[in-house]
file start.cif (mmCIF, N, CA and C atoms)
data_input
loop_
_atom_site.label_atom_id
_atom_site.label_comp_id
_atom_site.auth_asym_id
_atom_site.auth_seq_id
_atom_site.Cartn_x
_atom_site.Cartn_y
_atom_site.Cartn_z
N MET A 1 112.49 107.12 117.70
CA MET A 1 111.73 106.28 118.57
C MET A 1 111.70 106.85 119.99
N MET A 2 112.81 107.38 120.44
CA MET A 2 112.89 107.92 121.78
C MET A 2 112.04 109.19 121.91
N THR A 3 111.89 109.95 120.83
CA THR A 3 111.10 111.17 120.86
C THR A 3 109.65 110.86 121.18
N TRP A 4 109.07 109.80 120.58
CA TRP A 4 107.68 109.44 120.85
C TRP A 4 107.48 109.07 122.31
N SER A 5 108.43 108.36 122.90
CA SER A 5 108.27 107.99 124.31
C SER A 5 108.33 109.22 125.20
N ARG A 6 109.12 110.22 124.85
CA ARG A 6 109.16 111.48 125.62
C ARG A 6 107.84 112.22 125.49
N VAL A 7 107.27 112.25 124.26
CA VAL A 7 105.99 112.91 124.04
C VAL A 7 104.90 112.20 124.84
N PHE A 8 104.86 110.88 124.76
CA PHE A 8 103.87 110.10 125.49
C PHE A 8 104.00 110.35 126.99
N PHE A 9 105.22 110.34 127.51
CA PHE A 9 105.45 110.59 128.93
C PHE A 9 104.98 112.00 129.30
N GLY A 10 105.23 112.98 128.45
CA GLY A 10 104.78 114.35 128.70
C GLY A 10 103.26 114.46 128.75
N VAL A 11 102.58 113.75 127.85
CA VAL A 11 101.12 113.76 127.84
C VAL A 11 100.58 113.12 129.12
N ILE A 12 101.16 112.02 129.56
CA ILE A 12 100.74 111.36 130.80
C ILE A 12 100.91 112.30 131.98
N ILE A 13 102.04 112.99 132.05
CA ILE A 13 102.27 113.95 133.15
C ILE A 13 101.25 115.06 133.10
N LEU A 14 100.97 115.60 131.92
CA LEU A 14 100.00 116.68 131.77
C LEU A 14 98.61 116.24 132.19
N LEU A 15 98.18 115.07 131.75
CA LEU A 15 96.85 114.57 132.10
C LEU A 15 96.72 114.28 133.60
N SER A 16 97.77 113.83 134.21
CA SER A 16 97.70 113.53 135.64
C SER A 16 97.64 114.81 136.48
N ALA A 17 98.01 115.93 135.90
CA ALA A 17 97.94 117.21 136.62
C ALA A 17 96.52 117.70 136.76
N PHE A 18 95.58 117.18 135.96
CA PHE A 18 94.19 117.60 135.98
C PHE A 18 93.27 116.39 136.15
N PRO A 19 93.30 115.73 137.29
CA PRO A 19 92.52 114.50 137.45
C PRO A 19 91.03 114.70 137.58
N GLU A 20 90.55 115.80 138.08
CA GLU A 20 89.13 116.04 138.31
C GLU A 20 88.73 117.37 137.70
N PRO A 21 87.49 117.50 137.23
CA PRO A 21 87.00 118.80 136.80
C PRO A 21 87.00 119.76 137.98
N THR A 22 87.53 120.94 137.77
CA THR A 22 87.61 121.90 138.87
C THR A 22 87.30 123.30 138.40
N ILE A 23 86.96 124.14 139.36
CA ILE A 23 86.86 125.57 139.16
C ILE A 23 87.47 126.17 140.41
N GLY A 24 88.53 126.91 140.25
CA GLY A 24 89.20 127.47 141.41
C GLY A 24 89.71 126.40 142.36
N GLY A 25 90.10 125.23 141.85
CA GLY A 25 90.63 124.17 142.68
C GLY A 25 89.58 123.30 143.37
N ARG A 26 88.31 123.53 143.11
CA ARG A 26 87.24 122.72 143.73
C ARG A 26 86.52 121.91 142.66
N PRO A 27 86.12 120.67 142.99
CA PRO A 27 85.34 119.88 142.01
C PRO A 27 84.02 120.57 141.67
N MET A 28 83.62 120.49 140.41
CA MET A 28 82.34 121.05 139.97
C MET A 28 81.24 120.03 140.27
N PRO A 29 80.16 120.45 140.91
CA PRO A 29 79.08 119.51 141.20
C PRO A 29 78.32 119.10 139.94
N LYS A 30 77.90 117.85 139.93
CA LYS A 30 77.05 117.35 138.84
C LYS A 30 75.65 117.90 139.04
N LEU A 31 75.01 118.29 137.96
CA LEU A 31 73.64 118.78 138.04
C LEU A 31 72.63 117.65 138.09
N ALA A 32 73.00 116.50 137.55
CA ALA A 32 72.10 115.34 137.51
C ALA A 32 72.92 114.07 137.29
N ASP A 33 72.33 112.94 137.62
CA ASP A 33 73.00 111.65 137.41
C ASP A 33 72.64 111.00 136.08
N ARG A 34 71.52 111.44 135.49
CA ARG A 34 71.07 110.84 134.23
C ARG A 34 70.55 111.92 133.30
N LYS A 35 70.52 111.60 132.00
CA LYS A 35 70.01 112.53 131.00
C LYS A 35 69.35 111.75 129.88
N LEU A 36 68.46 112.41 129.17
CA LEU A 36 67.84 111.83 127.98
C LEU A 36 68.53 112.40 126.75
N CYS A 37 68.82 111.54 125.79
CA CYS A 37 69.51 111.94 124.57
C CYS A 37 68.87 111.26 123.36
N ALA A 38 69.22 111.75 122.18
CA ALA A 38 68.72 111.15 120.94
C ALA A 38 69.51 109.90 120.55
N ASP A 39 70.74 109.77 121.06
CA ASP A 39 71.58 108.60 120.80
C ASP A 39 72.45 108.37 122.03
N GLU A 40 73.14 107.26 122.09
CA GLU A 40 73.91 106.89 123.28
C GLU A 40 75.09 107.81 123.55
N GLU A 41 75.59 108.51 122.56
CA GLU A 41 76.71 109.43 122.74
C GLU A 41 76.24 110.87 122.97
N CYS A 42 74.95 111.09 122.85
CA CYS A 42 74.37 112.44 122.95
C CYS A 42 74.99 113.38 121.92
N SER A 43 75.29 112.84 120.74
CA SER A 43 75.94 113.64 119.70
C SER A 43 74.95 114.15 118.65
N HIS A 44 73.73 113.65 118.65
CA HIS A 44 72.72 114.08 117.70
C HIS A 44 71.75 115.01 118.41
N PRO A 45 71.43 116.17 117.83
CA PRO A 45 70.48 117.06 118.51
C PRO A 45 69.08 116.46 118.59
N ILE A 46 68.44 116.67 119.74
CA ILE A 46 67.06 116.24 119.94
C ILE A 46 66.12 117.20 119.23
N SER A 47 66.42 118.49 119.37
CA SER A 47 65.50 119.49 118.82
C SER A 47 66.20 120.83 118.61
N MET A 48 65.47 121.70 117.92
CA MET A 48 65.88 123.10 117.79
C MET A 48 64.88 123.92 118.59
N ALA A 49 65.40 124.89 119.33
CA ALA A 49 64.54 125.72 120.16
C ALA A 49 64.93 127.18 119.96
N VAL A 50 64.03 128.07 120.36
CA VAL A 50 64.29 129.50 120.28
C VAL A 50 64.23 130.07 121.69
N ALA A 51 65.21 130.90 122.04
CA ALA A 51 65.25 131.51 123.36
C ALA A 51 64.16 132.56 123.49
N LEU A 52 63.38 132.45 124.56
CA LEU A 52 62.29 133.39 124.83
C LEU A 52 62.76 134.60 125.62
N GLN A 53 63.93 134.46 126.24
CA GLN A 53 64.49 135.56 127.03
C GLN A 53 65.99 135.38 127.13
N ASP A 54 66.68 136.42 127.56
CA ASP A 54 68.12 136.34 127.80
C ASP A 54 68.39 135.49 129.03
N TYR A 55 69.52 134.81 129.01
CA TYR A 55 69.97 134.04 130.17
C TYR A 55 71.48 134.22 130.29
N VAL A 56 71.93 134.67 131.45
CA VAL A 56 73.36 134.87 131.71
C VAL A 56 73.85 133.69 132.53
N ALA A 57 74.84 133.00 132.01
CA ALA A 57 75.38 131.81 132.66
C ALA A 57 76.00 132.16 134.02
N PRO A 58 75.60 131.44 135.09
CA PRO A 58 76.17 131.71 136.42
C PRO A 58 77.59 131.16 136.60
N ASP A 59 77.97 130.15 135.81
CA ASP A 59 79.35 129.65 135.82
C ASP A 59 79.62 128.95 134.48
N CYS A 60 80.81 128.40 134.34
CA CYS A 60 81.25 127.88 133.05
C CYS A 60 80.54 126.60 132.60
N ARG A 61 79.74 125.98 133.43
CA ARG A 61 78.96 124.80 132.99
C ARG A 61 77.75 125.21 132.17
N PHE A 62 77.36 126.46 132.29
CA PHE A 62 76.13 126.94 131.70
C PHE A 62 76.39 127.75 130.43
N LEU A 63 75.33 127.98 129.69
CA LEU A 63 75.39 128.63 128.39
C LEU A 63 74.68 129.98 128.45
N THR A 64 75.37 131.05 128.09
CA THR A 64 74.74 132.36 127.99
C THR A 64 73.97 132.40 126.68
N ILE A 65 72.69 132.79 126.76
CA ILE A 65 71.81 132.77 125.59
C ILE A 65 71.12 134.12 125.48
N GLN A 66 70.96 134.59 124.25
CA GLN A 66 70.24 135.84 123.99
C GLN A 66 68.86 135.55 123.43
N ARG A 67 67.91 136.39 123.81
CA ARG A 67 66.53 136.24 123.33
C ARG A 67 66.51 136.16 121.80
N GLY A 68 65.76 135.20 121.26
CA GLY A 68 65.65 135.02 119.82
C GLY A 68 66.70 134.10 119.23
N GLN A 69 67.70 133.74 120.00
CA GLN A 69 68.78 132.88 119.50
C GLN A 69 68.29 131.44 119.35
N VAL A 70 68.74 130.77 118.30
CA VAL A 70 68.41 129.36 118.08
C VAL A 70 69.35 128.51 118.94
N VAL A 71 68.77 127.56 119.65
CA VAL A 71 69.52 126.67 120.52
C VAL A 71 69.29 125.24 120.04
N TYR A 72 70.37 124.50 119.85
CA TYR A 72 70.27 123.08 119.52
C TYR A 72 70.31 122.31 120.84
N VAL A 73 69.27 121.53 121.13
CA VAL A 73 69.16 120.78 122.38
C VAL A 73 69.72 119.38 122.15
N PHE A 74 70.76 119.02 122.92
CA PHE A 74 71.40 117.71 122.80
C PHE A 74 71.05 116.76 123.93
N SER A 75 70.64 117.31 125.09
CA SER A 75 70.29 116.45 126.22
C SER A 75 69.30 117.16 127.13
N LYS A 76 68.55 116.35 127.87
CA LYS A 76 67.61 116.86 128.86
C LYS A 76 67.90 116.12 130.16
N LEU A 77 68.36 116.88 131.15
CA LEU A 77 68.73 116.26 132.42
C LEU A 77 67.50 115.69 133.12
N LYS A 78 67.74 114.65 133.90
CA LYS A 78 66.65 113.98 134.64
C LYS A 78 66.88 114.15 136.14
N GLY A 79 65.88 113.76 136.92
CA GLY A 79 66.02 113.79 138.38
C GLY A 79 66.16 115.21 138.90
N ARG A 80 67.12 115.40 139.80
CA ARG A 80 67.27 116.71 140.44
C ARG A 80 67.65 117.82 139.47
N GLY A 81 68.17 117.49 138.30
CA GLY A 81 68.56 118.50 137.31
C GLY A 81 67.56 118.66 136.18
N ARG A 82 66.36 118.12 136.35
CA ARG A 82 65.38 118.06 135.26
C ARG A 82 64.98 119.42 134.69
N LEU A 83 65.26 120.48 135.40
CA LEU A 83 64.90 121.81 134.90
C LEU A 83 65.92 122.34 133.88
N PHE A 84 67.01 121.60 133.68
CA PHE A 84 68.07 122.05 132.77
C PHE A 84 68.23 121.12 131.58
N TRP A 85 68.52 121.73 130.44
CA TRP A 85 68.84 121.01 129.22
C TRP A 85 70.25 121.37 128.81
N GLY A 86 70.88 120.49 128.04
CA GLY A 86 72.20 120.75 127.50
C GLY A 86 72.08 121.05 126.02
N GLY A 87 72.85 122.02 125.55
CA GLY A 87 72.76 122.37 124.14
C GLY A 87 73.89 123.26 123.67
N SER A 88 73.69 123.80 122.48
CA SER A 88 74.70 124.67 121.90
C SER A 88 74.04 125.82 121.15
N VAL A 89 74.79 126.91 121.06
CA VAL A 89 74.39 128.05 120.25
C VAL A 89 75.60 128.43 119.40
N GLN A 90 75.32 128.96 118.24
CA GLN A 90 76.38 129.42 117.34
C GLN A 90 76.68 130.87 117.66
N GLY A 91 77.95 131.25 117.57
CA GLY A 91 78.35 132.62 117.88
C GLY A 91 77.71 133.66 116.99
N ASP A 92 77.67 133.42 115.70
CA ASP A 92 76.94 134.30 114.80
C ASP A 92 76.44 133.51 113.61
N TYR A 93 75.61 134.11 112.82
CA TYR A 93 74.90 133.39 111.76
C TYR A 93 75.81 132.66 110.79
N TYR A 94 76.92 133.29 110.41
CA TYR A 94 77.79 132.69 109.39
C TYR A 94 78.88 131.79 109.97
N GLY A 95 78.83 131.59 111.25
CA GLY A 95 79.76 130.63 111.84
C GLY A 95 81.17 131.13 112.02
N ASP A 96 81.38 132.44 112.10
CA ASP A 96 82.73 132.96 112.33
C ASP A 96 83.22 132.63 113.73
N LEU A 97 82.31 132.46 114.66
CA LEU A 97 82.66 132.11 116.02
C LEU A 97 82.26 130.66 116.28
N ALA A 98 83.04 129.98 117.08
CA ALA A 98 82.76 128.58 117.38
C ALA A 98 81.47 128.44 118.18
N ALA A 99 80.83 127.31 118.01
CA ALA A 99 79.62 127.02 118.80
C ALA A 99 80.01 126.90 120.26
N ARG A 100 79.13 127.33 121.14
CA ARG A 100 79.33 127.21 122.58
C ARG A 100 78.40 126.15 123.11
N LEU A 101 78.88 125.37 124.07
CA LEU A 101 78.12 124.29 124.67
C LEU A 101 77.87 124.56 126.14
N GLY A 102 76.74 124.11 126.66
CA GLY A 102 76.48 124.25 128.08
C GLY A 102 75.04 123.94 128.43
N PHE A 103 74.70 124.16 129.69
CA PHE A 103 73.36 123.91 130.19
C PHE A 103 72.61 125.22 130.34
N PHE A 104 71.28 125.13 130.30
CA PHE A 104 70.42 126.30 130.41
C PHE A 104 69.07 125.83 130.93
N PRO A 105 68.30 126.73 131.56
CA PRO A 105 66.98 126.33 132.05
C PRO A 105 66.04 126.05 130.87
N SER A 106 65.34 124.94 130.94
CA SER A 106 64.41 124.58 129.86
C SER A 106 63.28 125.60 129.72
N SER A 107 63.01 126.33 130.78
CA SER A 107 61.89 127.29 130.78
C SER A 107 62.16 128.54 129.94
N ILE A 108 63.40 128.75 129.52
CA ILE A 108 63.69 129.97 128.75
C ILE A 108 63.66 129.75 127.24
N VAL A 109 63.35 128.52 126.82
CA VAL A 109 63.29 128.24 125.38
C VAL A 109 61.94 127.63 124.99
N ARG A 110 61.65 127.72 123.71
CA ARG A 110 60.46 127.07 123.13
C ARG A 110 60.98 126.12 122.06
N GLU A 111 60.70 124.83 122.23
CA GLU A 111 61.11 123.87 121.21
C GLU A 111 60.24 124.05 119.98
N ASP A 112 60.87 124.32 118.85
CA ASP A 112 60.13 124.54 117.61
C ASP A 112 60.14 123.34 116.69
N GLN A 113 61.20 122.55 116.75
CA GLN A 113 61.29 121.43 115.81
C GLN A 113 62.02 120.26 116.47
N THR A 114 61.36 119.11 116.51
CA THR A 114 62.01 117.90 116.99
C THR A 114 62.79 117.29 115.84
N LEU A 115 64.07 117.02 116.08
CA LEU A 115 64.92 116.44 115.04
C LEU A 115 65.02 114.93 115.20
N LYS A 116 65.15 114.47 116.44
CA LYS A 116 65.21 113.04 116.75
C LYS A 116 64.80 112.92 118.22
N PRO A 117 63.78 112.12 118.52
CA PRO A 117 63.29 112.06 119.90
C PRO A 117 64.37 111.70 120.92
N GLY A 118 64.35 112.38 122.05
CA GLY A 118 65.29 112.12 123.14
C GLY A 118 64.76 111.05 124.06
N LYS A 119 64.93 109.80 123.67
CA LYS A 119 64.39 108.67 124.43
C LYS A 119 65.45 107.76 125.03
N ILE A 120 66.72 108.04 124.77
CA ILE A 120 67.80 107.19 125.27
C ILE A 120 68.24 107.72 126.64
N ASP A 121 68.11 106.90 127.66
CA ASP A 121 68.51 107.26 129.03
C ASP A 121 70.00 106.98 129.19
N VAL A 122 70.78 108.01 129.49
CA VAL A 122 72.24 107.91 129.56
C VAL A 122 72.72 108.41 130.93
N LYS A 123 73.68 107.74 131.51
CA LYS A 123 74.27 108.16 132.78
C LYS A 123 75.23 109.33 132.51
N THR A 124 75.15 110.37 133.33
CA THR A 124 76.09 111.48 133.20
C THR A 124 77.41 111.09 133.87
N ASP A 125 78.46 111.81 133.51
CA ASP A 125 79.74 111.61 134.20
C ASP A 125 80.35 112.97 134.49
N LYS A 126 81.49 112.97 135.15
CA LYS A 126 82.11 114.23 135.57
C LYS A 126 82.42 115.14 134.38
N TRP A 127 82.65 114.58 133.22
CA TRP A 127 83.02 115.40 132.06
C TRP A 127 81.84 116.16 131.48
N ASP A 128 80.61 115.74 131.81
CA ASP A 128 79.44 116.49 131.37
C ASP A 128 79.41 117.87 132.01
N PHE A 129 80.08 118.03 133.13
CA PHE A 129 80.03 119.28 133.88
C PHE A 129 81.43 119.89 134.04
N TYR A 130 82.30 119.55 133.12
CA TYR A 130 83.69 120.02 133.15
C TYR A 130 83.78 121.45 132.64
N CYS A 131 84.51 122.27 133.33
CA CYS A 131 84.72 123.65 132.91
C CYS A 131 86.10 123.80 132.30
N GLN A 132 86.16 124.47 131.19
CA GLN A 132 87.46 124.68 130.53
C GLN A 132 87.92 126.09 130.69
#
call {"tool": "encode", "arguments": {"input": "start.cif", "output": "structure tokens"}}
result
Amino acid sequence: MMTWSRVFFGVIILLSAFPEPTIGGRPMPKLADRKLCADEECSHPISMAVALQDYVAPDCRFLTIQRGQVVYVFSKLKGRGRLFWGGSVQGDYYGDLAARLGFFPSSIVREDQTLKPGKIDVKTDKWDFYCQ
């Protein structure tokens, strides 16, 4: 019984050490306050798109994409961030590498297939722009 309380206390201490998303000790700015998603959790892809050109991520919030790569679009930022979408790409065709998540300019992809319309307006939070 005492072991669980020590583990719980350790987790609380660890979580309190990282209260805000940071990069180099500075908070990461939010790209937008709202986003459009296919569902309230933004867990269902809105569409599949193909990259028209390479894009190199400027920081860890963004997704590096190669021309011709399939991108699953999970969110479309609104307001000041409307030029960016959130999505994922697979490391390689057979899934040996984990999918990567991040934001990218909507102008570098062509949506080829709508999977579920992105009509749900969702508020972003600090974790949408968290860097690991």
call {"tool": "resolve_selection", "arguments": {"input": "start.cif", "expression": "the PyMOL selection byres ((chain A and resi 79) around 6.5)", "output": "number ranges by chain"}}
result
A: 32-34, 77-78, 80-83
call {"tool": "resolve_selection", "arguments": {"input": "start.cif", "expression": "the PyMOL selection byres ((chain A and resi 123) around 6)", "output": "ChimeraX atom specification"}}
result
/A:33-35,121-122,124-125
call {"tool": "select_by_dssp", "arguments": {"input": "start.cif", "residues": "stretch 44-89 of chain A", "states": "strand (DSSP E)", "output": "list in words"}}
result
Ser47, Met48, Ala49, Val50, Ala51, Val70, Val71, Tyr72, Val73, Phe74, Ser75, Lys76, Leu77, Phe84, Trp85, Gly86, Gly87, Ser88 and Val89 of chain A
call {"tool": "closest_residue", "arguments": {"input": "start.cif", "among": "A:Asp39, A:Gly87, A:Ala57, A:Leu63", "to": "A:Ser75", "atoms": "all atoms listed in the file"}}
result
A:Gly87
call {"tool": "atom_distance", "arguments": {"input": "start.cif", "atom1": "atom CA of A:Ala38", "atom2": "atom CA of A:Lys76"}}
result
9.8 Å
call {"tool": "atom_distance", "arguments": {"input": "start.cif", "atom1": "atom CA of A:Gln53", "atom2": "atom CA of A:Trp127"}}
result
27.8 Å
call {"tool": "residues_around", "arguments": {"input": "start.cif", "residues": "A:Ala49", "least_positions_apart": "5", "cutoff": "8 Å", "atoms": "all atoms listed in the file", "output": "ChimeraX atom specification"}}
result
/A:68-73,108-114
call {"tool": "resolve_selection", "arguments": {"input": "start.cif", "expression": "the PyMOL selection byres ((chain A and resi 115) around 6.5)", "output": "ChimeraX atom specification"}}
result
/A:45-48,113-114,116-117
call {"tool": "atom_distance", "arguments": {"input": "start.cif", "atom1": "atom C of A:Val56", "atom2": "atom C of A:Cys42"}}
result
22.9 Å
call {"tool": "closest_residue", "arguments": {"input": "start.cif", "among": "A:Arg67, A:Arg100, A:Lys30, A:His44", "to": "A:Phe129", "atoms": "all atoms listed in the file"}}
result
A:Lys30
call {"tool": "closest_residue", "arguments": {"input": "start.cif", "among": "A:Gln90, A:Phe84, A:Ile120, A:Cys37", "to": "A:Phe62", "atoms": "only C-alpha atoms"}}
result
A:Phe84
call {"tool": "closest_residue", "arguments": {"input": "start.cif", "among": "A:Leu36, A:Met28, A:Phe74, A:Ser107", "to": "A:Arg61", "atoms": "only C-alpha atoms"}}
result
A:Met28
